[in-house]
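Asks: Sending over a structure as structure tokens; questions will come in a sec.
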Amino acid sequence: MDALVVGAGPAGLMAAEQMARAGRRVVVAEAMPSPGRKLLMAGKSGLNLTKDEDFAAFLSAYADAGDWLAPMLKGFGPDQVAPWAEGLGQTLFVGSSGRVFPKAMKASPLLRAWLARLGDAGVTLRRLWRWTGFREERLAFTTPEGPRLIAPRVTVLALGGASWSRLGSDGAWAPWLADRGVEIAPFAPANMGFRVAWSDHMARHFGQPVKGVALNAGGQHLRAEFVISARGIEGGGIYALSRALREGATLVLDLAPDRDHDALAAKLAGRGKESLSNRLRKAGLSPLQIALAQEVARPLPRDPAALAGLLKALPLPLAGPRPLDEAISVAGGITRAALTDGLQLRVLPGVFAAGEMLDWEAPTGGYLLTACLATGRWAGRAAAEY
């Protein structure tokens, strides 16, 4: 076999396209009945392709992996993702936060057009081909036609991370590569919810979004929403802080971010024997915000200054992250040290890796998909030249 890609997600399909353009005869092996399952799931919430922002700001979302990914994202970053998607027939728009979406607000039209273009380029897709590790110097697969042992001239691995296993990303590949001497950083959930041991009083609020607050953790500060659930907290605001929270930072809520301490204390002073709940309501807090404050700090102080201080810096005790398989993405994977600049595995010549298999993480907001596409393109080009 001339060129093999294992995994038909965004990184794998991008690698396949690059190798096909370079004249390679490419086979894509996909374990699931259909390709791009996680991409299709992402499309259910609108398919956030990338983010329209300054490159330095975009790169900062990748934290300590930014310098590693920089050349790949310069080659295929926000400025390139949009015309690529438009080339697949997708009309795009930019939301108020700079996030870029297809007007169709789903992934299926883009994926169909992409698969058709790959087919026209000679790429062959093999469904239900599940990689099961190495047999000496060959890659072993179970297929509908029975076991296969393959020794491609060049291989790009793009099997995803270790979350959402029902969509195909189960991390089963990690021990097989580790046995061959590839350094693998332990997996950890990223962009995930956190457990909270709610009292029964919070049950009536499950499923409701907490709005009009600011979140602080690990030196990060942002205005964002999150959702209360029976399992804890989740949503965009929590995902943006998930790395800091996973690493032990305390989540502190400002329930009145539009007022400073003194202005809030004045609003909370009330008149006469006015009830505390009424004072909180008149100070602009929603019923859910009041419930959160009472859940965390019951009984609330009646002194306006002390109460204002609490509401401006309310610590929300967390009981750890939700399980890895529930996470939107993962941290950990193949380390930078285990790869050449072209994303070739140092101990396995001719084998490259891309996408969420690599040890990087980023918040939601277009950063995840863009980096998967960029690393797939980078690995595919390097593999084509190998």
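Chain identifiers are assigned as A, B, and so on, following the order in which chains appear in the structure tokens; residues are numbered from 1 within each chain, and ligands are numbered from 1 in order of appearance.
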Counting only C-alpha atoms, what is within 9 Å of A:Ile238, bar same-chain residues fewer than 3 positions away, as a list in words?
Replies: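 Neighbouring residues, sequence-local ones excluded: Asn191, Met192, Gly193, Phe194, Leu215, Ala224, Glu225, Phe226, Val227, Ile233, Glu234, Gly235, Leu241, Ser242 and Leu245 of chain A.
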Asks: Which residues are near A:Leu253? Cut-off 6 Å, only C-alpha atoms, ignore same chain within fewer than 2 positions. Put them as number ranges by chain.
Replies: A: 214-215, 255, 313-314
Asks: Given the selection you just returned, output its residues as a file containing N, CA and C atoms, formatted as a PDB file, in the first residue's frame.
Replies:
ATOM      1  N   ALA A 214     -19.555  36.826  36.270  1.00  0.00           N
ATOM      2  CA  ALA A 214     -18.170  36.711  35.828  1.00  0.00           C
ATOM      3  C   ALA A 214     -17.537  35.538  36.558  1.00  0.00           C
ATOM      4  N   LEU A 215     -16.658  34.821  35.858  1.00  0.00           N
ATOM      5  CA  LEU A 215     -15.997  33.648  36.417  1.00  0.00           C
ATOM      6  C   LEU A 215     -14.504  33.918  36.526  1.00  0.00           C
ATOM      7  N   LEU A 255     -21.228  37.569  41.180  1.00  0.00           N
ATOM      8  CA  LEU A 255     -22.637  37.556  40.820  1.00  0.00           C
ATOM      9  C   LEU A 255     -23.171  38.927  40.431  1.00  0.00           C
ATOM     10  N   ALA A 313     -17.298  37.686  45.248  1.00  0.00           N
ATOM     11  CA  ALA A 313     -16.240  36.669  45.226  1.00  0.00           C
ATOM     12  C   ALA A 313     -16.766  35.408  45.901  1.00  0.00           C
ATOM     13  N   LEU A 314     -17.707  34.760  45.230  1.00  0.00           N
ATOM     14  CA  LEU A 314     -18.358  33.575  45.789  1.00  0.00           C
ATOM     15  C   LEU A 314     -17.613  32.326  45.341  1.00  0.00           C
TER      16      LEU A 314
END
Asks: Pick from A:Leu159, A:Ala113, A:Met32, A:Leu59: nearest to A:Pro144, with only C-alpha atoms counted?
Replies: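 Distance minimum relative to A:Pro144 lands on A:Met32.
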Asks: Quick one: of A:Ala31, A:Ala383, A:Leu339, A:Leu177, who's nearest to A:Ala16, counting only C-alpha atoms?
Replies: A:Ala383
Asks: Which polymer residues have any atom within 10 Å of an atom of A:Ala263, counting only C-alpha atoms, with same-chain residues fewer than 3 positions away left out, as a PDB file with all heavy atoms, in the first residue's frame?
Replies:
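What landed in result.pdb:
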ATOM      1  N   ASP A 258     -21.333  44.029  37.144  1.00  0.00           N
ATOM      2  CA  ASP A 258     -21.530  45.393  36.644  1.00  0.00           C
ATOM      3  C   ASP A 258     -21.555  46.434  37.759  1.00  0.00           C
ATOM      4  O   ASP A 258     -21.743  47.622  37.490  1.00  0.00           O
ATOM      5  CB  ASP A 258     -22.835  45.462  35.836  1.00  0.00           C
ATOM      6  CG  ASP A 258     -22.767  44.623  34.570  1.00  0.00           C
ATOM      7  OD1 ASP A 258     -21.690  44.585  33.955  1.00  0.00           O
ATOM      8  OD2 ASP A 258     -23.785  43.994  34.217  1.00  0.00           O
ATOM      9  N   ARG A 259     -21.407  45.993  39.016  1.00  0.00           N
ATOM     10  CA  ARG A 259     -21.364  46.926  40.140  1.00  0.00           C
ATOM     11  C   ARG A 259     -20.113  46.669  40.959  1.00  0.00           C
ATOM     12  O   ARG A 259     -19.738  45.517  41.186  1.00  0.00           O
ATOM     13  CB  ARG A 259     -22.589  46.750  41.045  1.00  0.00           C
ATOM     14  CG  ARG A 259     -23.885  47.247  40.464  1.00  0.00           C
ATOM     15  CD  ARG A 259     -24.933  47.400  41.574  1.00  0.00           C
ATOM     16  NE  ARG A 259     -26.199  47.892  41.048  1.00  0.00           N
ATOM     17  CZ  ARG A 259     -27.235  47.135  40.765  1.00  0.00           C
ATOM     18  NH1 ARG A 259     -27.161  45.834  40.962  1.00  0.00           N
ATOM     19  NH2 ARG A 259     -28.350  47.654  40.292  1.00  0.00           N
ATOM     20  N   ASP A 260     -19.492  47.746  41.427  1.00  0.00           N
ATOM     21  CA  ASP A 260     -18.366  47.549  42.336  1.00  0.00           C
ATOM     22  C   ASP A 260     -18.906  47.239  43.738  1.00  0.00           C
ATOM     23  O   ASP A 260     -20.118  47.274  43.983  1.00  0.00           O
ATOM     24  CB  ASP A 260     -17.422  48.758  42.339  1.00  0.00           C
ATOM     25  CG  ASP A 260     -18.082  50.043  42.856  1.00  0.00           C
ATOM     26  OD1 ASP A 260     -19.079  49.956  43.608  1.00  0.00           O
ATOM     27  OD2 ASP A 260     -17.584  51.132  42.512  1.00  0.00           O
ATOM     28  N   ALA A 266     -24.571  49.309  48.791  1.00  0.00           N
ATOM     29  CA  ALA A 266     -25.627  50.314  48.938  1.00  0.00           C
ATOM     30  C   ALA A 266     -26.976  49.762  48.486  1.00  0.00           C
ATOM     31  O   ALA A 266     -28.014  50.019  49.119  1.00  0.00           O
ATOM     32  CB  ALA A 266     -25.260  51.556  48.128  1.00  0.00           C
ATOM     33  N   LYS A 267     -26.972  48.979  47.427  1.00  0.00           N
ATOM     34  CA  LYS A 267     -28.209  48.375  46.952  1.00  0.00           C
ATOM     35  C   LYS A 267     -28.742  47.339  47.936  1.00  0.00           C
ATOM     36  O   LYS A 267     -29.955  47.122  48.039  1.00  0.00           O
ATOM     37  CB  LYS A 267     -27.972  47.712  45.589  1.00  0.00           C
ATOM     38  CG  LYS A 267     -27.988  48.665  44.409  1.00  0.00           C
ATOM     39  CD  LYS A 267     -29.435  49.062  44.105  1.00  0.00           C
ATOM     40  CE  LYS A 267     -29.512  49.900  42.831  1.00  0.00           C
ATOM     41  NZ  LYS A 267     -30.912  50.288  42.529  1.00  0.00           N
ATOM     42  N   LEU A 268     -27.821  46.682  48.637  1.00  0.00           N
ATOM     43  CA  LEU A 268     -28.207  45.615  49.565  1.00  0.00           C
ATOM     44  C   LEU A 268     -28.648  46.147  50.936  1.00  0.00           C
ATOM     45  O   LEU A 268     -29.153  45.369  51.753  1.00  0.00           O
ATOM     46  CB  LEU A 268     -27.033  44.643  49.754  1.00  0.00           C
ATOM     47  CG  LEU A 268     -26.658  43.782  48.534  1.00  0.00           C
ATOM     48  CD1 LEU A 268     -25.308  43.124  48.760  1.00  0.00           C
ATOM     49  CD2 LEU A 268     -27.739  42.739  48.263  1.00  0.00           C
ATOM     50  N   ALA A 283     -31.350  44.131  44.434  1.00  0.00           N
ATOM     51  CA  ALA A 283     -29.974  44.413  44.026  1.00  0.00           C
ATOM     52  C   ALA A 283     -29.670  43.870  42.637  1.00  0.00           C
ATOM     53  O   ALA A 283     -28.567  44.071  42.115  1.00  0.00           O
ATOM     54  CB  ALA A 283     -28.997  43.816  45.034  1.00  0.00           C
ATOM     55  N   ALA A 305     -22.112  45.283  53.635  1.00  0.00           N
ATOM     56  CA  ALA A 305     -20.728  45.269  53.135  1.00  0.00           C
ATOM     57  C   ALA A 305     -20.199  43.840  53.047  1.00  0.00           C
ATOM     58  O   ALA A 305     -19.567  43.450  52.053  1.00  0.00           O
ATOM     59  CB  ALA A 305     -19.842  46.122  54.036  1.00  0.00           C
ATOM     60  N   ALA A 308     -22.037  42.013  50.209  1.00  0.00           N
ATOM     61  CA  ALA A 308     -21.526  42.442  48.904  1.00  0.00           C
ATOM     62  C   ALA A 308     -20.183  41.787  48.609  1.00  0.00           C
ATOM     63  O   ALA A 308     -19.919  41.336  47.485  1.00  0.00           O
ATOM     64  CB  ALA A 308     -21.398  43.963  48.864  1.00  0.00           C
TER      65      ALA A 308
END
Asks: Leaving out A:Ala104 and any residue of its chain fewer than 6 positions from it, which residues lie within 9 Å of it when counting only C-alpha atoms, given as an MDAnalysis selection string?
Replies: chainID A and resid 46 90:92
Asks: Take the residues that were just selected and, keeping C-alpha atoms, output them as a CSV table (one decimal), in the first residue's frame.
Replies:
chain,number,residue,atom,x,y,z
A,46,GLY,CA,-23.5,24.8,14.8
A,90,GLN,CA,-20.3,26.4,2.5
A,91,THR,CA,-21.5,30.0,3.0
A,92,LEU,CA,-20.0,31.3,6.2
Asks: Check the smallest atom-to-atom distance from each of A:Asp54, A:Glu247, A:Glu17, A:Asp79 to A:Ala217 using only C-alpha atoms, then report the winner.
Replies: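 The closest residue to A:Ala217 is A:Glu247.
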Asks: Please return, as a list in words, all residues of stretch 83-156 of chain A that DSSP assigns to alpha helix (DSSP H) on the basis of the backbone.
Replies: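 The alpha helix (DSSP H) subset of stretch 83-156 of chain A is Pro83, Trp84, Ala85, Glu86, Gly87, Ser108, Pro109, Leu110, Leu111, Arg112, Ala113, Trp114, Leu115, Ala116, Arg117, Leu118, Gly119 and Asp120 of chain A.
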Asks: Just checking: using only C-alpha atoms, which residue out of A:Gly380, A:Pro301, A:Gly355, A:Gly181 ends up closest to A:Ala11?
Replies: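 Once distances to A:Ala11 are computed over only C-alpha atoms, the minimum belongs to A:Gly355.
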